[in-house]
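J.: Supplied structure: coords.txt, compact mmCIF, C-alpha atoms and all ligand atoms.
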```txt
# COMPACT_ATOMS: atom_id res chain seq x y z
CA MET A 1 19.75 7.14 0.57
CA GLU A 2 19.82 5.04 3.70
CA ALA A 3 17.65 6.53 6.39
CA ASP A 4 17.51 5.44 10.00
CA ALA A 5 14.68 2.99 9.61
CA SER A 6 13.95 2.54 13.31
CA SER A 7 13.70 6.19 14.24
CA GLY A 8 11.92 7.00 10.99
CA ARG A 9 9.35 4.41 11.71
CA SER A 10 8.57 5.47 15.25
CA ALA A 11 8.28 9.08 14.07
CA ARG A 12 5.74 7.99 11.49
CA LEU A 13 3.71 6.01 13.99
CA GLU A 14 3.51 8.93 16.40
CA ALA A 15 2.20 11.13 13.60
CA ASP A 16 -0.26 8.54 12.35
CA PRO A 17 -3.88 9.58 13.09
CA LEU A 18 -4.84 5.92 12.84
CA ALA A 19 -2.23 4.71 15.30
CA GLN A 20 -4.46 4.55 18.37
CA LYS A 21 -7.54 3.23 16.57
CA PRO A 22 -9.10 0.35 18.50
CA GLY A 23 -9.45 -2.90 16.62
CA ARG A 24 -6.39 -2.41 14.50
CA SER A 25 -4.71 -5.74 13.88
CA ARG A 26 -1.29 -4.76 15.15
CA GLY A 27 -1.18 -7.59 17.64
CA ARG A 28 2.16 -8.84 18.86
CA GLN A 29 1.27 -12.34 17.78
CA GLU A 30 1.42 -11.15 14.18
CA GLN A 31 4.74 -9.39 14.55
CA ARG A 32 7.80 -11.23 13.42
CA CYS A 33 11.42 -10.47 12.94
CA LEU A 34 11.44 -10.64 9.18
CA TYR A 35 14.66 -9.42 7.76
CA SER A 36 18.13 -8.69 8.83
CA ALA A 37 19.90 -8.39 5.51
CA GLY A 38 19.81 -6.52 2.26
CA TYR A 39 20.71 -3.00 3.32
CA GLY A 40 24.44 -3.12 2.80
CA GLU A 41 26.09 -1.88 5.98
CA LYS A 42 22.85 -2.21 7.93
CA LYS A 43 22.79 -5.99 7.64
CA GLU A 44 22.91 -6.32 11.37
CA ARG A 45 19.67 -4.43 11.90
CA ASN A 46 16.50 -6.37 12.64
CA ILE A 47 13.21 -4.68 11.89
CA MET A 48 9.89 -6.03 13.11
CA GLY A 49 7.29 -6.10 10.43
CA PHE A 50 5.30 -7.68 7.66
CA VAL A 51 7.52 -6.88 4.71
CA ASP A 52 10.61 -8.86 3.72
CA TYR A 53 13.41 -7.38 1.68
CA ALA A 54 16.12 -9.33 -0.08
CA THR A 55 18.57 -8.51 -2.82
CA GLU A 56 19.91 -10.70 -5.61
CA GLY A 57 22.64 -8.73 -7.33
CA ALA A 58 21.14 -5.48 -8.58
CA VAL A 59 17.57 -6.71 -8.07
CA GLY A 60 15.67 -5.97 -4.85
CA ILE A 61 12.77 -8.23 -3.89
CA ILE A 62 10.04 -6.91 -1.60
CA THR A 63 7.64 -9.52 -0.23
CA ILE A 64 4.43 -8.56 1.54
CA ASN A 65 4.42 -11.22 4.23
CA ARG A 66 1.20 -11.52 6.17
CA PRO A 67 -0.16 -14.78 4.78
CA GLN A 68 -2.56 -15.41 7.67
CA ALA A 69 -4.64 -12.51 6.26
CA LEU A 70 -3.77 -13.19 2.61
CA ASN A 71 -1.23 -10.34 2.86
CA ALA A 72 -3.97 -7.74 3.46
CA LEU A 73 -2.65 -4.23 3.97
CA ASN A 74 -3.18 -2.92 7.47
CA SER A 75 -1.47 0.26 8.66
CA GLN A 76 1.52 -1.68 9.91
CA VAL A 77 2.06 -3.42 6.59
CA LEU A 78 1.90 -0.04 4.87
CA ASP A 79 4.38 1.45 7.36
CA ASP A 80 6.72 -1.49 6.87
CA LEU A 81 6.48 -1.23 3.09
CA ASN A 82 7.27 2.47 3.35
CA THR A 83 10.30 1.76 5.54
CA VAL A 84 11.61 -0.85 3.12
CA LEU A 85 11.23 1.53 0.18
CA ASP A 86 13.08 4.26 2.07
CA ASN A 87 15.97 1.88 2.70
CA VAL A 88 16.51 0.58 -0.83
CA ASN A 89 20.12 1.22 -1.74
CA LEU A 90 19.78 3.10 -5.01
CA GLU A 91 23.50 3.01 -5.65
CA GLU A 92 23.42 -0.76 -5.99
CA THR A 93 19.83 -1.66 -6.87
CA ARG A 94 18.55 -1.18 -10.40
CA CYS A 95 15.16 -2.85 -10.38
CA LEU A 96 12.63 -3.90 -7.72
CA ILE A 97 10.15 -6.76 -7.64
CA ILE A 98 7.11 -6.66 -5.33
CA THR A 99 5.33 -9.93 -4.59
CA GLY A 100 3.24 -11.57 -1.88
CA ALA A 101 4.19 -14.42 0.44
CA GLY A 102 2.71 -17.82 -0.33
CA GLU A 103 1.03 -19.20 -3.42
CA LYS A 104 -2.50 -17.95 -2.82
CA SER A 105 -2.40 -14.21 -2.58
CA PHE A 106 -0.43 -11.22 -3.75
CA VAL A 107 -2.45 -8.85 -1.55
CA ALA A 108 -6.16 -9.42 -0.82
CA GLY A 109 -6.80 -5.73 -0.32
CA ALA A 110 -6.72 -3.25 2.48
CA ASP A 111 -7.47 -4.74 5.89
CA ILE A 112 -11.26 -4.79 6.16
CA GLY A 113 -11.20 -5.32 9.93
CA GLU A 114 -9.11 -2.22 10.42
CA MET A 115 -11.23 -0.16 8.04
CA SER A 116 -14.57 -1.28 9.45
CA THR A 117 -14.63 1.24 12.32
CA LEU A 118 -13.00 4.23 10.65
CA THR A 119 -14.65 7.65 10.74
CA LYS A 120 -14.82 9.78 7.59
CA GLU A 121 -11.67 11.63 8.66
CA GLU A 122 -9.81 8.43 9.45
CA GLY A 123 -10.96 6.86 6.19
CA LYS A 124 -9.51 9.79 4.28
CA ALA A 125 -6.28 9.55 6.29
CA PHE A 126 -6.04 5.82 5.56
CA GLY A 127 -6.57 6.51 1.84
CA LYS A 128 -3.84 9.14 1.96
CA LYS A 129 -1.46 6.77 3.73
CA GLY A 130 -1.84 4.20 0.95
CA ASN A 131 -1.81 6.79 -1.81
CA ASP A 132 1.40 8.40 -0.54
CA ILE A 133 3.19 5.06 -0.50
CA PHE A 134 1.83 3.92 -3.86
CA LEU A 135 2.83 7.27 -5.40
CA LYS A 136 6.29 6.66 -3.97
CA ILE A 137 6.35 3.32 -5.80
CA GLU A 138 5.01 4.82 -9.02
CA THR A 139 7.66 7.56 -9.00
CA PHE A 140 10.41 5.36 -7.52
CA PRO A 141 13.63 6.20 -9.39
CA ILE A 142 14.14 2.63 -10.62
CA PRO A 143 11.59 0.33 -12.29
CA VAL A 144 9.29 -1.77 -10.11
CA ILE A 145 7.76 -5.06 -11.30
CA ALA A 146 4.68 -6.51 -9.60
CA ALA A 147 4.89 -10.32 -9.57
CA VAL A 148 1.23 -11.04 -8.81
CA ASN A 149 1.11 -14.51 -7.31
CA GLY A 150 -2.61 -14.88 -6.53
CA PHE A 151 -5.36 -12.55 -5.30
CA ALA A 152 -4.81 -8.90 -6.21
CA LEU A 153 -8.00 -7.39 -4.88
CA GLY A 154 -8.82 -3.82 -3.92
CA GLY A 155 -5.64 -2.36 -2.43
CA GLY A 156 -3.76 -5.36 -3.85
CA ASN A 157 -4.72 -4.53 -7.41
CA GLU A 158 -3.98 -0.90 -6.59
CA LEU A 159 -0.51 -1.82 -5.31
CA SER A 160 0.18 -3.77 -8.50
CA MET A 161 -0.99 -0.84 -10.62
CA SER A 162 1.44 1.53 -8.91
CA CYS A 163 4.25 -0.66 -10.26
CA ASP A 164 5.71 -0.09 -13.73
CA ILE A 165 5.07 -3.61 -14.99
CA ARG A 166 2.70 -6.40 -13.89
CA ILE A 167 3.19 -10.07 -14.57
CA CYS A 168 1.13 -12.75 -12.85
CA SER A 169 0.68 -16.42 -12.08
CA ASP A 170 -2.06 -18.41 -13.77
CA ASN A 171 -4.08 -18.54 -10.52
CA ALA A 172 -4.09 -14.74 -10.13
CA VAL A 173 -7.41 -12.96 -9.60
CA PHE A 174 -7.80 -9.22 -10.02
CA GLY A 175 -10.63 -6.99 -8.89
CA GLN A 176 -11.85 -3.87 -7.15
CA PRO A 177 -14.47 -5.27 -4.74
CA GLU A 178 -14.84 -2.02 -2.78
CA THR A 179 -18.35 -1.03 -3.91
CA GLY A 180 -19.54 -4.33 -2.46
CA LEU A 181 -18.13 -3.17 0.87
CA GLY A 182 -19.74 0.25 0.72
CA ILE A 183 -16.66 2.25 -0.28
CA THR A 184 -14.87 3.34 -3.43
CA PRO A 185 -11.39 2.16 -4.30
CA GLY A 186 -9.15 4.33 -2.14
CA PHE A 187 -5.53 3.62 -2.97
CA GLY A 188 -5.59 5.00 -6.53
CA GLY A 189 -7.86 2.39 -8.14
CA THR A 190 -10.29 4.83 -9.74
CA GLN A 191 -7.37 6.66 -11.31
CA ARG A 192 -4.82 4.04 -12.33
CA LEU A 193 -7.23 1.33 -13.51
CA ALA A 194 -8.92 3.76 -15.93
CA ARG A 195 -5.53 4.88 -17.24
CA LEU A 196 -4.32 1.30 -17.69
CA VAL A 197 -7.34 -0.46 -19.21
CA GLY A 198 -9.56 2.44 -20.30
CA ALA A 199 -12.45 4.09 -18.52
CA GLY A 200 -15.10 1.68 -19.81
CA MET A 201 -13.46 -1.49 -18.50
CA ALA A 202 -12.38 0.23 -15.28
CA LYS A 203 -15.92 1.41 -14.63
CA GLN A 204 -17.28 -2.08 -15.27
CA MET A 205 -14.86 -3.61 -12.79
CA VAL A 206 -15.37 -0.94 -10.12
CA TYR A 207 -19.17 -0.60 -10.39
CA SER A 208 -19.82 -4.35 -10.56
CA ALA A 209 -17.17 -5.42 -8.01
CA LEU A 210 -16.66 -8.49 -10.21
CA ASN A 211 -13.23 -10.12 -10.19
CA ILE A 212 -11.39 -11.21 -13.31
CA LYS A 213 -8.98 -14.08 -13.81
CA ALA A 214 -5.42 -13.94 -15.13
CA ASP A 215 -6.30 -14.61 -18.77
CA GLU A 216 -8.85 -11.79 -18.79
CA ALA A 217 -6.38 -9.47 -17.04
CA TYR A 218 -3.93 -10.27 -19.84
CA ARG A 219 -6.57 -9.72 -22.53
CA ILE A 220 -7.44 -6.23 -21.28
CA GLY A 221 -3.80 -5.23 -20.82
CA LEU A 222 -3.76 -5.14 -17.04
CA VAL A 223 -0.84 -7.61 -16.97
CA ASN A 224 1.94 -8.08 -19.50
CA ALA A 225 2.28 -11.86 -19.12
CA VAL A 226 0.84 -14.89 -17.33
CA TYR A 227 3.06 -17.75 -16.10
CA PRO A 228 2.55 -21.00 -14.21
CA GLN A 229 2.81 -20.22 -10.49
CA ALA A 230 6.08 -22.16 -10.16
CA GLU A 231 7.73 -20.05 -12.86
CA LEU A 232 6.51 -16.61 -11.81
CA MET A 233 9.42 -15.49 -9.63
CA ASP A 234 12.03 -16.83 -12.04
CA GLN A 235 10.37 -14.90 -14.85
CA ALA A 236 10.14 -11.77 -12.70
CA LYS A 237 13.84 -12.05 -11.80
CA LYS A 238 14.76 -12.69 -15.45
CA LEU A 239 12.94 -9.53 -16.54
CA ALA A 240 14.34 -7.51 -13.63
CA GLY A 241 17.82 -8.80 -14.41
CA ARG A 242 17.47 -7.80 -18.05
CA ILE A 243 16.36 -4.29 -16.99
CA ALA A 244 19.25 -4.12 -14.52
CA MET A 245 21.70 -4.77 -17.36
CA GLN A 246 20.69 -1.63 -19.26
CA ALA A 247 22.21 1.79 -18.61
CA PRO A 248 20.65 2.80 -15.27
CA ILE A 249 20.64 6.53 -15.98
CA ALA A 250 18.84 5.89 -19.25
CA VAL A 251 16.32 3.52 -17.65
CA ARG A 252 15.53 6.04 -14.91
CA ALA A 253 15.20 8.83 -17.45
CA ALA A 254 12.91 6.70 -19.61
CA LYS A 255 10.71 5.91 -16.59
CA ALA A 256 10.43 9.59 -15.70
CA ALA A 257 9.68 10.54 -19.31
CA ILE A 258 6.93 7.93 -19.67
CA ASN A 259 5.36 8.68 -16.28
CA GLU A 260 5.40 12.44 -16.68
CA GLY A 261 4.54 12.43 -20.36
CA ILE A 262 1.52 10.16 -20.04
CA GLN A 263 -0.16 12.77 -17.82
CA THR A 264 0.10 15.48 -20.43
CA SER A 265 -0.40 16.34 -24.12
CA ILE A 266 1.84 14.81 -26.80
CA SER A 267 3.38 18.20 -27.51
CA ASP A 268 4.32 18.68 -23.86
CA GLY A 269 5.30 15.02 -23.60
CA VAL A 270 7.92 15.19 -26.32
CA ARG A 271 9.46 18.22 -24.59
CA ILE A 272 9.73 16.15 -21.40
CA GLU A 273 11.38 13.42 -23.46
CA GLU A 274 13.86 15.90 -24.96
CA GLU A 275 14.97 16.91 -21.47
CA GLN A 276 15.43 13.32 -20.33
CA PHE A 277 17.09 12.31 -23.61
CA GLY A 278 19.52 15.21 -23.37
CA SER A 279 20.35 14.37 -19.76
CA CYS A 280 21.81 11.00 -20.82
CA PHE A 281 24.51 12.52 -22.99
CA GLU A 282 28.02 13.03 -21.68
CA THR A 283 27.45 10.28 -19.12
CA GLU A 284 30.14 7.61 -18.96
CA ASP A 285 27.55 4.96 -19.76
CA GLN A 286 26.34 6.77 -22.90
CA LYS A 287 29.89 7.19 -24.11
CA GLU A 288 30.81 3.57 -23.47
CA GLY A 289 27.52 2.16 -24.80
CA MET A 290 27.92 3.95 -28.10
CA ALA A 291 31.67 3.39 -28.31
CA ASN A 292 31.13 -0.33 -27.82
CA PHE A 293 28.59 -0.42 -30.64
CA LEU A 294 31.00 1.38 -32.97
CA ARG A 295 33.89 -0.99 -32.27
CA LYS A 296 34.67 -3.39 -35.10
CA LYS A 297 33.65 -7.02 -34.66
CA ASP A 298 37.26 -8.16 -34.24
CA ASP A 299 38.06 -5.50 -31.61
CA PRO A 300 38.89 -7.38 -28.39
CA ASN A 301 37.24 -4.59 -26.38
CA LYS A 302 33.88 -5.15 -28.05
CA VAL A 303 31.45 -6.87 -25.66
CA LYS A 304 27.94 -8.25 -26.05
CA HIS A 305 26.68 -6.38 -22.99
CA VAL A 306 28.36 -3.27 -21.65
CA ALA A 307 28.82 -3.38 -17.89
CA PHE A 308 27.16 -0.04 -17.25
CA LYS A 309 28.39 1.85 -14.21
CA ASN A 310 25.45 4.12 -13.42
CA LYS A 311 27.70 7.09 -14.13
N1 LIG B 401 -8.79 -7.74 5.05
C1 LIG B 401 -8.66 -8.44 6.21
N2 LIG B 401 -8.57 -9.80 6.27
C2 LIG B 401 -8.61 -10.47 5.11
C3 LIG B 401 -8.74 -9.81 3.87
C4 LIG B 401 -8.81 -8.38 3.87
N3 LIG B 401 -8.90 -7.63 2.73
N4 LIG B 401 -8.78 -10.74 2.90
C5 LIG B 401 -8.66 -11.93 3.51
N5 LIG B 401 -8.57 -11.78 4.83
C6 LIG B 401 -8.44 -12.82 5.86
C7 LIG B 401 -9.76 -13.50 6.13
O1 LIG B 401 -10.56 -12.74 7.01
C8 LIG B 401 -9.31 -14.81 6.71
O2 LIG B 401 -8.95 -14.61 8.05
P1 LIG B 401 -9.37 -15.69 9.17
O3 LIG B 401 -8.65 -16.95 8.77
O4 LIG B 401 -8.85 -15.09 10.44
O5 LIG B 401 -10.85 -15.81 9.10
C9 LIG B 401 -8.02 -15.10 5.95
O6 LIG B 401 -7.61 -13.85 5.38
C10 LIG B 401 -8.23 -16.07 4.82
O7 LIG B 401 -9.27 -15.56 3.99
P2 LIG B 401 -10.54 -16.43 3.56
O8 LIG B 401 -10.84 -17.47 4.59
O9 LIG B 401 -11.63 -15.47 3.23
O10 LIG B 401 -9.97 -17.14 2.26
P3 LIG B 401 -10.83 -17.64 1.01
O11 LIG B 401 -9.88 -18.45 0.18
O12 LIG B 401 -12.07 -18.28 1.45
O13 LIG B 401 -11.21 -16.31 0.20
C11 LIG B 401 -10.79 -14.16 -0.76
C12 LIG B 401 -10.20 -15.52 -0.37
C13 LIG B 401 -11.80 -14.32 -1.90
C14 LIG B 401 -9.64 -13.28 -1.24
C15 LIG B 401 -11.49 -13.54 0.46
O14 LIG B 401 -10.60 -13.58 1.57
C16 LIG B 401 -11.89 -12.11 0.27
O15 LIG B 401 -12.87 -11.84 -0.41
N6 LIG B 401 -11.15 -11.16 0.84
C17 LIG B 401 -11.45 -9.76 0.80
C18 LIG B 401 -11.15 -9.20 -0.55
C19 LIG B 401 -11.54 -7.76 -0.63
O16 LIG B 401 -12.70 -7.40 -0.56
N7 LIG B 401 -10.54 -6.86 -0.79
C20 LIG B 401 -10.76 -5.45 -0.90
C21 LIG B 401 -10.71 -4.80 0.42
S1 LIG B 401 -11.16 -3.08 0.32
C22 LIG B 401 -9.77 -2.34 -0.24
O17 LIG B 401 -8.80 -2.94 -0.53
C23 LIG B 401 -9.85 -0.87 -0.34
C24 LIG B 401 -8.50 -0.27 -0.65
C25 LIG B 401 -8.53 1.21 -0.47
C26 LIG B 401 -8.67 1.55 0.98
C27 LIG B 401 -8.94 2.98 1.18
C28 LIG B 401 -9.24 3.25 2.62
C29 LIG B 401 -10.03 4.42 2.84
```
Please render this file's structure as structure tokens.
Ligand code: CO8
T.:
Amino acid sequence: MEADASSGRSARLEADPLAQKPGRSRGRQEQRCLYSAGYGEKKERNIMGFVDYATEGAVGIITINRPQALNALNSQVLDDLNTVLDNVNLEETRCLIITGAGEKSFVAGADIGEMSTLTKEEGKAFGKKGNDIFLKIETFPIPVIAAVNGFALGGGNELSMSCDIRICSDNAVFGQPETGLGITPGFGGTQRLARLVGAGMAKQMVYSALNIKADEAYRIGLVNAVYPQAELMDQAKKLAGRIAMQAPIAVRAAKAAINEGIQTSISDGVRIEEEQFGSCFETEDQKEGMANFLRKKDDPNKVKHVAFKNK
């Protein structure tokens, strides 16, 4: 699924109602040539932007890289993130990690400077821009892990919540400060936070605009684990690597079943599961996974981990 990133991007910018907004921080001084590798045959391509992409085996690592603004999400960062997602090689990549550059911030929210002059219509368009991309992450065919390495505020917390799994560093801070800025959360925060930690805790965080630290985020179930900052990426890669070892068709089907089922009743949910469960049978990986289990201990073909082929 490799699209032409350059032409795709310019098409998006032309259609962007926010593109000509004065005061947007799209200055040349912030633009950098960030990545030239990671897209298989497109390794030669250089794309200007704020989002790095690298691959380590079957794991893709997306880094929001705008540290001078604590990785805040302006329209360009969102466009760059969208372009990177559209260029992930799904034949080779089995799990993604999203993190922020530096040791201080994952993403400190949407760009307040850019938002400060928006009209109602532009505000709605900006919300839609973020929501469309975060929905793309939530429904991305392969699992996505947020490695939250510092501030995850507003749009940053919302980005992390669009991922399947969140782990964080011990200096991480989570919050939805929007009501203190005169707006509601706008990139899915009112919806995903309530689903993840319950309506009561979500309402407390959103209404009060109070931040919480990593240990509290762990206590309320917002993150699955907290690690020392220096260990975070290794732990994220270890988890992603473990996921990448499992049968990819089964992992994708499980993600779809959980995501679709959680929106519905248990009786509809188990029907969704049946469909996904059934779809795994007759695949090469299902046959080999089960055949390997059934082999006797002394069978030389028996392996500890089947090298699944995504077939
Ligand atoms: N937007 C723009 N710039 C930012 C942002 C941001 N969200 N966060 C930090 N920065 C910039 C600062 O302005 C500063 O820039 P400069 O050096 O040019 O002055 C630089 O990053 C460093 O920040 P600080 O000096 O403030 O660093 P501190 O360590 O003192 O403080 C904080 C760190 C506590 C994270 C602080 O920067 C802060 O409070 N940031 C804003 C956090 C916030 O309120 N985030 C939520 C934004 S609203 C949002 O995300 C809504 C999402 C939905 C949008 C829907 C649209 C309709």
J.: Tell me, as a ChimeraX atom specification, which residues lie within 12 Å of Gly180 in chain A, counting all atoms listed in the file; anything in the same chain fewer than 4 positions away does not count.
T.: /A:112,154,175-176,184-185,205-211
J.: Record the distance separating CA of Asn89 in chain A and CA of Ile61 in chain A, expressed in Å with one decimal.
T.: 12.2 Å
J.: For the atom pair CA of Ala199 in chain A and CA of Arg252 in chain A, what is the interatomic distance in Å to one decimal place?
T.: 28.3 Å
J.: How would you report the residues lying within 9 Å of ligand LIG 401 (chain B), as an NGL selection string, if you count all atoms listed in the file?
T.: :A and (67-74 or 104-105 or 107-115 or 118 or 120 or 122-131 or 150-158 or 173 or 175-181 or 183-189 or 209)
J.: At a cut-off of 9 Å, using all atoms listed in the file, what residues contact Ile133 in chain A? Leave out same-chain residues fewer than 3 positions from it and give the result as a tab-separated table (two decimals) with C-alpha atoms, keeping the file's coordinate frame.
T.:
```
chain	number	residue	atom	x	y	z
A	78	LEU	CA	1.90	-0.04	4.87
A	79	ASP	CA	4.38	1.45	7.36
A	81	LEU	CA	6.48	-1.23	3.09
A	82	ASN	CA	7.27	2.47	3.35
A	85	LEU	CA	11.23	1.53	0.18
A	128	LYS	CA	-3.84	9.14	1.96
A	129	LYS	CA	-1.46	6.77	3.73
A	130	GLY	CA	-1.84	4.20	0.95
A	136	LYS	CA	6.29	6.66	-3.97
A	137	ILE	CA	6.35	3.32	-5.80
A	138	GLU	CA	5.01	4.82	-9.02
```
J.: At what distance in Å, to one decimal, does CA of Asp86 in chain A lie from CA of Phe308 in chain A?
T.: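 The value is 24.3 Å.
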J.: Would you mind telling me which residue in A:Val51, A:Val144, A:Ala250, A:Ala257 lies nearest to Ala101 in chain A when using all atoms listed in the file?
T.: A:Val51
J.: Hey, what's within 9 Å of range 222-224 of chain A if we count only C-alpha atoms and toss same-chain stuff fewer than 4 positions away? As an mmCIF file with C-alpha atoms, keeping the file's coordinate frame, please?
T.:
```cif
data_model
loop_
_atom_site.group_PDB
_atom_site.id
_atom_site.type_symbol
_atom_site.label_atom_id
_atom_site.label_comp_id
_atom_site.auth_asym_id
_atom_site.auth_seq_id
_atom_site.Cartn_x
_atom_site.Cartn_y
_atom_site.Cartn_z
ATOM 1 C CA MET A 161 -0.990 -0.840 -10.620
ATOM 2 C CA ILE A 165 5.070 -3.610 -14.990
ATOM 3 C CA ARG A 166 2.700 -6.400 -13.890
ATOM 4 C CA ILE A 167 3.190 -10.070 -14.570
ATOM 5 C CA CYS A 168 1.130 -12.750 -12.850
ATOM 6 C CA LEU A 193 -7.230 1.330 -13.510
ATOM 7 C CA LEU A 196 -4.320 1.300 -17.690
ATOM 8 C CA VAL A 197 -7.340 -0.460 -19.210
ATOM 9 C CA ALA A 214 -5.420 -13.940 -15.130
ATOM 10 C CA GLU A 216 -8.850 -11.790 -18.790
ATOM 11 C CA ALA A 217 -6.380 -9.470 -17.040
ATOM 12 C CA TYR A 218 -3.930 -10.270 -19.840
#
```
J.: Using all atoms listed in the file, can you tell me which of A:Gln246, A:Ser162, A:Thr139, A:Ser75 comes closest to Ala307 in chain A?
T.: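 Closest candidate: A:Gln246.
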J.: Looking at all atoms listed in the file, which of A:Pro141, A:Tyr53, A:Ile243, A:Asn149 is the one that sits closest to Ala256 in chain A?
T.: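 Smallest separation from Ala256 in chain A among the options: A:Pro141.
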